[in-house]
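Below is one structure; the comments refer to it alone.
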Amino acid sequence: MSKKNKLKKSNKAGLAPGTLYFIGEKKVEDISVALINYNLEKTDTHNLKSNYLEQIETLSSNVNWLNIDGLHNLDEIKKICESFNIHNLAMEDIVNTTHRPKIEFFDDYIFIITKMYSYNQKEGVIQSEQVSLILKDNFVLTFQEEHGDVFNPTRERIKSEKSRIRKLGADYLLYSLLDNLVDSYYQLLEDIDNNIDNFEQSIIKDSNSISLTDFFTLKKSLLFLRKSVWPLRDISSQLARGEHDQISNSTLPYMKDLYDHVIQVVDSVEVFRDLTNGITEMYLSITNNKMNEIMKLLTICTSIFIPLTFIVGVYGMNFEYMPELKWKSSYFFLWGLMFFITISLIVFFKKKKWL
Amino acid sequence: MSKKNKLKKSNKAGLAPGTLYFIGEKKVEDISVALINYNLEKTDTHNLKSNYLEQIETLSSNVNWLNIDGLHNLDEIKKICESFNIHNLAMEDIVNTTHRPKIEFFDDYIFIITKMYSYNQKEGVIQSEQVSLILKDNFVLTFQEEHGDVFNPTRERIKSEKSRIRKLGADYLLYSLLDNLVDSYYQLLEDIDNNIDNFEQSIIKDSNSISLTDFFTLKKSLLFLRKSVWPLRDISSQLARGEHDQISNSTLPYMKDLYDHVIQVVDSVEVFRDLTNGITEMYLSITNNKMNEIMKLLTICTSIFIPLTFIVGVYGMNFEYMPELKWKSSYFFLWGLMFFITISLIVFFKKKKWL
Amino acid sequence: MSKKNKLKKSNKAGLAPGTLYFIGEKKVEDISVALINYNLEKTDTHNLKSNYLEQIETLSSNVNWLNIDGLHNLDEIKKICESFNIHNLAMEDIVNTTHRPKIEFFDDYIFIITKMYSYNQKEGVIQSEQVSLILKDNFVLTFQEEHGDVFNPTRERIKSEKSRIRKLGADYLLYSLLDNLVDSYYQLLEDIDNNIDNFEQSIIKDSNSISLTDFFTLKKSLLFLRKSVWPLRDISSQLARGEHDQISNSTLPYMKDLYDHVIQVVDSVEVFRDLTNGITEMYLSITNNKMNEIMKLLTICTSIFIPLTFIVGVYGMNFEYMPELKWKSSYFFLWGLMFFITISLIVFFKKKKWL
Amino acid sequence: MSKKNKLKKSNKAGLAPGTLYFIGEKKVEDISVALINYNLEKTDTHNLKSNYLEQIETLSSNVNWLNIDGLHNLDEIKKICESFNIHNLAMEDIVNTTHRPKIEFFDDYIFIITKMYSYNQKEGVIQSEQVSLILKDNFVLTFQEEHGDVFNPTRERIKSEKSRIRKLGADYLLYSLLDNLVDSYYQLLEDIDNNIDNFEQSIIKDSNSISLTDFFTLKKSLLFLRKSVWPLRDISSQLARGEHDQISNSTLPYMKDLYDHVIQVVDSVEVFRDLTNGITEMYLSITNNKMNEIMKLLTICTSIFIPLTFIVGVYGMNFEYMPELKWKSSYFFLWGLMFFITISLIVFFKKKKWL
Amino acid sequence: MSKKNKLKKSNKAGLAPGTLYFIGEKKVEDISVALINYNLEKTDTHNLKSNYLEQIETLSSNVNWLNIDGLHNLDEIKKICESFNIHNLAMEDIVNTTHRPKIEFFDDYIFIITKMYSYNQKEGVIQSEQVSLILKDNFVLTFQEEHGDVFNPTRERIKSEKSRIRKLGADYLLYSLLDNLVDSYYQLLEDIDNNIDNFEQSIIKDSNSISLTDFFTLKKSLLFLRKSVWPLRDISSQLARGEHDQISNSTLPYMKDLYDHVIQVVDSVEVFRDLTNGITEMYLSITNNKMNEIMKLLTICTSIFIPLTFIVGVYGMNFEYMPELKWKSSYFFLWGLMFFITISLIVFFKKKKWL
């Protein structure tokens with residue numbers, strides 16, 4: 001799990017609530033603001049530099065998607081939010097990148113916080129990035145920590161002339177973005193699934209070869225993933241219930257579909273937890289079993305040779321008067337005796353099913 | 001568990017929601033469409049080839065069961081669904097063979113996704129196949145991944161002249177099909193039950209003989225089974241509540257009976273989980289016990305012979321001045337001493353209840 | 001747990017729902033039907049042979065208890081049920097002896113399925129028998145698998161002239177029968193309690209003496225008991241709520257009392273589960289402890305004698321030039337050295353608290 | 001846990017419901033009945049002998065507390081209950097000392113069953129005694145199994161002239177008695193807390209010194225305590241909701257306070273459970289650790305001396321032609337070799353961090 | 001966990017409910033009362049000595065925060081509470097420093113009990129202090145056990161002229177104080193998080209180096225923290241629902257924000273629990289693994305040298321007639337044999353993957 005999942009509110013502790021304070025790592029140099037503006041006929045993409053707020057005001061009759069990358073420039077964030085009349089506390093949550101996923105219905109807009117996950121194969125950790133979404137009338141605002149996201153499929157669809165998204169409103173755009181997000185969870189779950197499979201195969205083949213530390217890291221990732229997936233259930237079920245004016249009735253079946261997908265993700269995370277617990281159990285059983293094997297060998301080996309060594313020790317003694325030493329056949333008789341003891345013990349172990 | 005239970009949505013990630021995209025293995029070459037059409041007087045079975053949609057339209061006054069095997073031919077699926085006015089998203093779910101079981105009430109039809117399980121004795125895995133059911137007026141549509149299913153009992157009953165199914169509507173047909181499905185779960189549970197019994201007997205007889213890997217596979221199967229059985233509870237309880245026009249009042253007691261059976265399946269799966277946990281515990285206890293046995297033998301053996309070996313070692317030393325070596329009876333006295341030590345140790349172990 | 005608790009529906013799979021099909025072992029040769037018919041003034045007991053249905057119709061003004069032993073004669077069962085207008089599906093449940101306990105409110109009768117338990121001391125297993133009860137107007141019908149039941153106290157009370165049961169209606173009779181059932185659970189719980197106590201005492205005295213297999217069987221029994229006790233909660237609470245016309249208000253406090261007793265049974269089963277888990281834990285701890293004891297002895301024994309054996313081995317070597325061998329006091333000095341080593345090691349182990 | 005917590009209903013099984021039957025041990029010889037009767041001006045205490053019921057009838061205008069010690073004299077109990085019109089089933093519950101704590105609202109009185117706990121330091125067990133309370137108009141009836149209780153604080157307060165209890169009604173008296181009961185639970189919890197602390201300290205100091213049996217007894221006590229504390233939650237919350245006429249509004253805040261205290265007791269019991277589980281875990285870890293220590297010593301000791309013993313054994317052989325035996329410095333060279341082997345092994349173990 | 005978290009009500013047991021009785025340690029010598037009184041224009045801070053109640057009465061038109069440090073002077077506490085018409089039972093709860101966190105809505109004020117945590121690095125324990133808050137009209141009263149708290153940020157803000165707190169009412173002040181409290185939990189959670197990280201790192205590096213006792217103390221801290229964090233959920237959710245007149249609508253979003261933060265704290269505590277359980281599991285696995293390593297070495301070492309020692313023992317025997325002793329090459333042949341045995345065993349262990 002990347003360090004980013006840790007809670008880091010304390011350096012903010014003491015500030016007045018509603019004070020804008022960026023919590024997290026600064027991941028990009030500059031804030032970049034991109035506006036995609038489309039209707040049935042055309043799609044325009046603008047990379048807004050300065051005085052974009054005025055630009056925005058002129059074109060509000062279509063569906064607009066305003067995407068902001070970078071959250072550390074608090075003045076800019078504030079200016080944008082204020083131009084949309086976003087509540088102070090929502091603003092504060094946007095720039096607190098450790099916030100728990102949640103949905104909040106304000107009178108005239110919907111505010112959603114989610115996490116976007118990606119598996120960093122190089123470092124073997126799951127990286128999360130906070131994405132906040134606001135749906136207000138014909139605008140969808142998305143706030144991300146850095147460039148690069150999982151929303152390209154939506155971008156493609158907006159560009160494609162005959163896609164459904166061009167015919168529908170901003171609520172469908174919101175759905176489309178959330179659907180992209182949940183789709184990215186599937187990718188992550190597949191990676192984890194493969195990981196679990198690998199551990200399982202390794203344990204069956206050779207229980208020593210697996211790295212307990214890696215396995216523990218996997219379990220930890222599941223813990224954190226679970227923590228951010230569960231709130232998604234609540235978010236999507238509230239959207240599917242359609243109690244807010246911003247969600248039109250025609251979008252409701254899509255929101256319900258989103259809910260279905262989230263439930264499937266939650267189910268999978270739970271199954272993965274049970275699976276990892278099962279693997280731990282199997283690991284313990286196999287280790288135990290091996291120990292038994294080892295101890296058996298030790299015991300068999302010791303039980304056979306220790307008595308024999310004692311016997312030969314007896315006739316290594318230097319007493320002047322030891323009658324057996326003088327008998328001619330006693331050496332060969334002793335070999336016979338030792339052979340008999342060995343056979344008896346082997347039969348005994350066979351009967352105990354140790355051999 | 002067959003690989004099919006894994007989630008595989010990611011290769012679809014990026015497609016617009018509602019886009020038909022087949023997820024799963026292509027299991028049959030061609031789609032085959034079978035129509036069974038019956039009323040009190042007669043039963044007709046048609047294997048529809050082409051232009052079946054026109055054929056269907058001509059005969060809609062009876063109860064009709066349209067069964068489609070094979071989901072990869074998206075155009076055909078789409079044509080059929082559209083002729084029944086099925087929603088895009090439902091279509092999408094039909095061809096996504098990794099979907100979670102669910103029920104959805106649309107205005108004029110009921111849409112159900114379930115899993116059909118069979119135990120593949122040859123490979124020792126449980127195979128699942130997704131079955132989607134749609135009840136719309138006097139039509140029941142079933143979509144399967146491949147030929148072969150658990151619905152033959154219903155087919156028999158439709159053919160039999162005096163059966164209740166001939167007297168009742170399409171909602172009873174839906175119930176009958178779901179009942180067949182749940183019955184097939186009982187068969188599966190019996191197999192699992194026998195499997196668990198076998199493991200238990202094996203552990204009691206000889207804990208080494210069981211394959212931990214197989215046991216873990218069993219536990220995994222239960223996990224996946226549980227994941228698809230729990231949603232069935234919801235499906236059957238919603239049907240039993242009879243809140244949709246498509247379910248007539250006379251069918252409700254049957255739906256309630258279905259719910260009873262599903263609950264029994266859920267209960268059994270839970271009991272099986274507890275049982276397998278109990279077996280794991282017993283396995284650990286027995287292994288522990290065995291280890292104790294082994295260690296006891298090792299300790300007894302070592303504790304008796306190591307001191308004796310030391311003693312005979314003493315008199316194997318080559319010092320010039322060792323008075324005992326010259327004494328006549330010292331050899332026999334030593335045997336006496338060693339005998340005494342051995343007896344004392346045996347008494348000691350007897351008192352410790354190790355022997 | 002007797003085999004009877006297993007699910008065995010599959011041999012019925014394929015039959016039309018509502019088809020009568022006996023599931024279970026045939027335990028008695030013939031169905032026997034007994035009718036107890038009483039009011040304030042008199043009590044009549046009839047063993048009905050043939051044409052009993054006509055007999056029944058003549059005497060319906062009192063409270064009647066019709067008890068049927070034996071469920072395999074489906075024709076007879078059907079005849080009886082049909083004369084009381086019992087629904088097909090209820091009939092089916094009566095003869096399916098693997099059904100989950102449940103209560104169902106039909107328009108003019110109440111249908112209850114329960115399990116009757118007895119501890120078969122000879123085979124050490126818990127035997128269950130399904131009992132179905134129907135309350136319809138002034139009739140109570142009970143269906144059992146075989147002769148012999150826990151209802152004798154009720155029979156006694158019916159015979160006793162001044163008992164409350166003679167003054168009250170069929171709903172009180174139903175209560176009285178269910179109360180007998182729950183009382184029999186107490187007997188069973190006491191047996192299990194004693195069993196758990198025995199295991200606990202055995203483990204404390206000598207952890208080797210207990211049979212892990214028997215203990216596991218006990219845990220399994222609790223699992224199955226739990227499975228049939230939990231639904232009883234639901235049954236009794238629904239009866240206590242008194243939402244059905246068949247239950248008069250004066251009987252409600254008794255139903256509530258029944259509910260109290262069921263809760264106590266459920267509580268006890270849960271406590272027993274925790275107790276058995278605790279015993280497993282204690283068993284593991286004690287076994288672990290013993291292993292520690294054994295290993296300590298082994299280690300002490302080995303650590304003392306192995307160095308000594310090495311030392312005497314040194315002076316058993318046959319090198320021509322070993323100066324010590326010639327010295328007069330070296331033998332006695334060596335004994336001194338060995339004595340010193342032994343004492344040092346004993347002090348070391350004492351300090352480690354191993355001795 | 002004293003035997004009294006066991007369920008012992010079965011010897012009653014077969015009796016008609018509502019039949020008075022004393023379940024439990026007879027702990028006192030005679031029933032003793034004490035009446036405390038008070039109002040703002042005066043307090044009278046009477047030890048009633050015979051014909052007390054008439055006495056009671058004469059003085060009913062004040063607040064009255066009728067306390068009965070001893071439950072085995074069923075006739076007397078019945079007489080008292082009947083004079084207050086207590087329902088048969090409540091009577092039955094009063095004399096069944098194994099009943100689960102509960103509250104029942106009858107039309108004109110409130111009936112409560114609770115457990116009173118005391119820690120018997122001599123035998124190291126927790127003793128429970130059933131206390132039933134009835135609030136009816138200006139009367140509070142308490143039924144106990146034996147003399148001696150936790151209600152003395154209330155008695156003191158009644159005697160004290162300016163106490164609040166003298167100003168308020170019988171419902172406040174009921175509250176005061178229940179509060180005494182819950183206070184006694186605090187005492188018990190402190191004892192258990194100390195016990196747990198002791199175990200924890202002992203394990204840290206020397207894990208062998210603790211008695212696993214005692215620890216298991218503690219865990220069992222918690223199980224039984226939990227079983228009787230949970231219903232108290234329900235009892236106090238129902239009283240705090242004030243839905244019964246017998247509870248006046250002015251007493252409600254006190255009942256709510258009682259509920260707070262019960263919640264705190266429940267919380268503590270849960271925390272104690274987690275604590276004991278943690279201790280079990282720690283015990284296992286420490287034992288495991290110790291085993292590791294022991295095995296390390298054994299392995300080090302064996303690995304060093306077994307090769308050495310082999311080497312000196314080689315030169316103890318009696319072959320006629322062994323060139324080394326004749327060399328002058330071979331004995332000293334051998335010592336050098338053995339020294340080198342020993343050092344190498346010690347370095348090896350140091351590197352493995354075993355030394 | 002500091003001793004303070006223990007329940008200590010018993011020394012109060014027996015006192016009349018509502019009697020003021022200080023439970024806890026006396027941590028400061030004198031009660032000190034500070035009043036901060038502010039409105040938009042000005043802020044006044046008073047350290048009240050005597051006759052402060054009169055002083056208070058004169059200035060009640062602004063927002064007032066009355067902070068009391070020290071709870072042992074019951075007369076003063078009583079005087080203050082009575083002048084605000086606080087209920088007896090609330091007073092009692094204020095001076096019982098072991099009370100469970102809770103919220104209570106009285107008719108004209110809100111009463112809250114919370115815990116303030118701080119990590120005492122010196123002693124390695126978490127210290128808790130009870131803080132009670134009362135919101136009544138334009139007054140907020142806070143009762144603490146000793147000087148020093150987490151409320152300084154609020155104090156700063158009150159002094160700052162343009163802060164939002166100056167513009168809003170006493171309900172916002174209450175929110176601000178609670179927010180400070182929850183912020184301090186974040187600090188604590190970070191400390192615990194670091195602690196868990198350290199344990200994890202230590203176990204991976206060298207499982208012997210960690211102190212099991214410290215780890216258990218950490219787990220215990222989490223238990224107690226959990227016990228006081230869970231009620232906070234209830235407190236904040238009740239405040240966020242805004243059902244009490246004292247909370248104005250404009251403060252509700254802030255209370256909701258508070259609830260969000262509390263949920264995040266609760267989530268983290270749960271994740272920490274799972275993490276510590278995972279660490280325990282990993283510890284056990286690693287210890288088990290190590291044991292396996294040790295036993296393998298022991299077994300390999302013993303299995304190789306014990307047979308060899310036996311062989312050389314054979315030729316150390318002193319029989320007069322042992323033909324091999326006379327053969328010239330038998331010594332060298334024996335070395336060959338022993339070499340062969342050693343190689344065979346090493347190959348055997350290699351194949352078993354023990355080497």
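Residues in the structure tokens are numbered from 1 in each chain, the chains being A, B, ... in the order shown, and ligands are numbered from 1 in the order shown.
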Set out as JSON lines a contact list for chain D and chain C with a cut-off of 8 Å, giving each residue of chain D that qualifies its closest atom pair and distance in Å to one decimal, counting only C-alpha atoms, ordered by chain and rising residue number.
{"residue": "D:Leu7", "atom": "CA", "partner": "C:Glu190", "partner_atom": "CA", "distance": 7.0}
{"residue": "D:Lys8", "atom": "CA", "partner": "C:Glu190", "partner_atom": "CA", "distance": 7.4}
{"residue": "D:Lys9", "atom": "CA", "partner": "C:Tyr186", "partner_atom": "CA", "distance": 6.4}
{"residue": "D:Ser10", "atom": "CA", "partner": "C:Gln187", "partner_atom": "CA", "distance": 5.2}
{"residue": "D:Ala13", "atom": "CA", "partner": "C:Asp183", "partner_atom": "CA", "distance": 5.4}
{"residue": "D:Gly14", "atom": "CA", "partner": "C:Pro153", "partner_atom": "CA", "distance": 4.6}
{"residue": "D:Leu15", "atom": "CA", "partner": "C:Pro153", "partner_atom": "CA", "distance": 6.7}
{"residue": "D:Ala16", "atom": "CA", "partner": "C:Arg157", "partner_atom": "CA", "distance": 7.1}
{"residue": "D:Pro17", "atom": "CA", "partner": "C:Ser176", "partner_atom": "CA", "distance": 7.6}
{"residue": "D:Leu89", "atom": "CA", "partner": "C:Asp257", "partner_atom": "CA", "distance": 7.4}
{"residue": "D:His99", "atom": "CA", "partner": "C:Gln264", "partner_atom": "CA", "distance": 7.9}
{"residue": "D:Arg100", "atom": "CA", "partner": "C:Gln264", "partner_atom": "CA", "distance": 6.4}
{"residue": "D:Leu212", "atom": "CA", "partner": "C:Met282", "partner_atom": "CA", "distance": 7.2}
{"residue": "D:Thr213", "atom": "CA", "partner": "C:Ile204", "partner_atom": "CA", "distance": 6.8}
{"residue": "D:Phe216", "atom": "CA", "partner": "C:Met282", "partner_atom": "CA", "distance": 7.1}
{"residue": "D:Lys219", "atom": "CA", "partner": "C:Gly278", "partner_atom": "CA", "distance": 7.9}
{"residue": "D:Lys220", "atom": "CA", "partner": "C:Leu275", "partner_atom": "CA", "distance": 7.1}
{"residue": "D:Leu223", "atom": "CA", "partner": "C:Val271", "partner_atom": "CA", "distance": 6.8}
{"residue": "D:Phe224", "atom": "CA", "partner": "C:Val271", "partner_atom": "CA", "distance": 7.7}
{"residue": "D:Lys227", "atom": "CA", "partner": "C:Asp267", "partner_atom": "CA", "distance": 7.3}
{"residue": "D:Leu284", "atom": "CA", "partner": "C:Ser285", "partner_atom": "CA", "distance": 6.9}
{"residue": "D:Thr287", "atom": "CA", "partner": "C:Asn289", "partner_atom": "CA", "distance": 7.2}
{"residue": "D:Lys290", "atom": "CA", "partner": "C:Asn292", "partner_atom": "CA", "distance": 7.8}
{"residue": "D:Met291", "atom": "CA", "partner": "C:Asn292", "partner_atom": "CA", "distance": 5.9}
{"residue": "D:Ile294", "atom": "CA", "partner": "C:Lys296", "partner_atom": "CA", "distance": 6.5}
{"residue": "D:Met295", "atom": "CA", "partner": "C:Met295", "partner_atom": "CA", "distance": 7.4}
{"residue": "D:Leu297", "atom": "CA", "partner": "C:Thr299", "partner_atom": "CA", "distance": 7.3}
{"residue": "D:Leu298", "atom": "CA", "partner": "C:Thr299", "partner_atom": "CA", "distance": 5.1}
{"residue": "D:Cys301", "atom": "CA", "partner": "C:Ser303", "partner_atom": "CA", "distance": 6.0}
{"residue": "D:Thr302", "atom": "CA", "partner": "C:Ile306", "partner_atom": "CA", "distance": 7.3}
{"residue": "D:Phe305", "atom": "CA", "partner": "C:Pro307", "partner_atom": "CA", "distance": 6.2}
{"residue": "D:Ile306", "atom": "CA", "partner": "C:Ile306", "partner_atom": "CA", "distance": 7.4}
{"residue": "D:Leu308", "atom": "CA", "partner": "C:Phe310", "partner_atom": "CA", "distance": 6.7}
{"residue": "D:Thr309", "atom": "CA", "partner": "C:Phe310", "partner_atom": "CA", "distance": 4.8}
{"residue": "D:Val312", "atom": "CA", "partner": "C:Val314", "partner_atom": "CA", "distance": 5.3}
{"residue": "D:Gly313", "atom": "CA", "partner": "C:Gly313", "partner_atom": "CA", "distance": 6.2}
{"residue": "D:Val314", "atom": "CA", "partner": "C:Met317", "partner_atom": "CA", "distance": 7.8}
{"residue": "D:Tyr315", "atom": "CA", "partner": "C:Met317", "partner_atom": "CA", "distance": 4.8}
{"residue": "D:Gly316", "atom": "CA", "partner": "C:Met317", "partner_atom": "CA", "distance": 3.9}
{"residue": "D:Met317", "atom": "CA", "partner": "C:Asn318", "partner_atom": "CA", "distance": 7.2}
{"residue": "D:Asn318", "atom": "CA", "partner": "C:Asn318", "partner_atom": "CA", "distance": 7.4}
{"residue": "D:Glu324", "atom": "CA", "partner": "C:Phe319", "partner_atom": "CA", "distance": 7.6}
{"residue": "D:Leu325", "atom": "CA", "partner": "C:Phe319", "partner_atom": "CA", "distance": 4.4}
{"residue": "D:Lys326", "atom": "CA", "partner": "C:Glu320", "partner_atom": "CA", "distance": 5.7}
{"residue": "D:Trp327", "atom": "CA", "partner": "C:Glu320", "partner_atom": "CA", "distance": 7.6}
{"residue": "D:Lys328", "atom": "CA", "partner": "C:Tyr321", "partner_atom": "CA", "distance": 5.6}
{"residue": "D:Ser329", "atom": "CA", "partner": "C:Tyr321", "partner_atom": "CA", "distance": 7.5}
{"residue": "D:Ser330", "atom": "CA", "partner": "C:Phe319", "partner_atom": "CA", "distance": 7.6}
{"residue": "D:Tyr331", "atom": "CA", "partner": "C:Met322", "partner_atom": "CA", "distance": 6.5}
What lies within 9 Å of Lys26 in chain C using only C-alpha atoms, ignoring chain neighbours under 5 positions off, as a JSON list (two decimals) with N, CA and C atoms, in the first residue's frame?
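Contents of the output file out-v8.json:
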[["chain", "number", "residue", "atom", "x", "y", "z"],
["C", 70, "GLY", "N", -45.90, -42.18, 10.71],
["C", 70, "GLY", "CA", -45.56, -42.84, 9.44],
["C", 70, "GLY", "C", -45.98, -41.96, 8.28],
["C", 71, "LEU", "N", -45.00, -41.66, 7.40],
["C", 71, "LEU", "CA", -45.28, -40.71, 6.32],
["C", 71, "LEU", "C", -45.11, -41.31, 4.94],
["C", 72, "HIS", "N", -44.78, -42.60, 4.85],
["C", 72, "HIS", "CA", -44.42, -43.15, 3.55],
["C", 72, "HIS", "C", -45.65, -43.55, 2.73],
["C", 145, "GLU", "N", -42.70, -39.22, 11.85],
["C", 145, "GLU", "CA", -42.11, -40.26, 11.02],
["C", 145, "GLU", "C", -42.32, -41.65, 11.61],
["C", 146, "GLU", "N", -42.28, -41.73, 12.94],
["C", 146, "GLU", "CA", -42.41, -43.06, 13.54],
["C", 146, "GLU", "C", -43.15, -42.97, 14.89]]
* Write down as a PyMOL selection string the residues belonging to range 101-257 of chain E that are assigned helix (DSSP H, G or I) by DSSP computed on the backbone. => chain E and resi 152-159+164-167+170-205+207-209+212-241+249-257
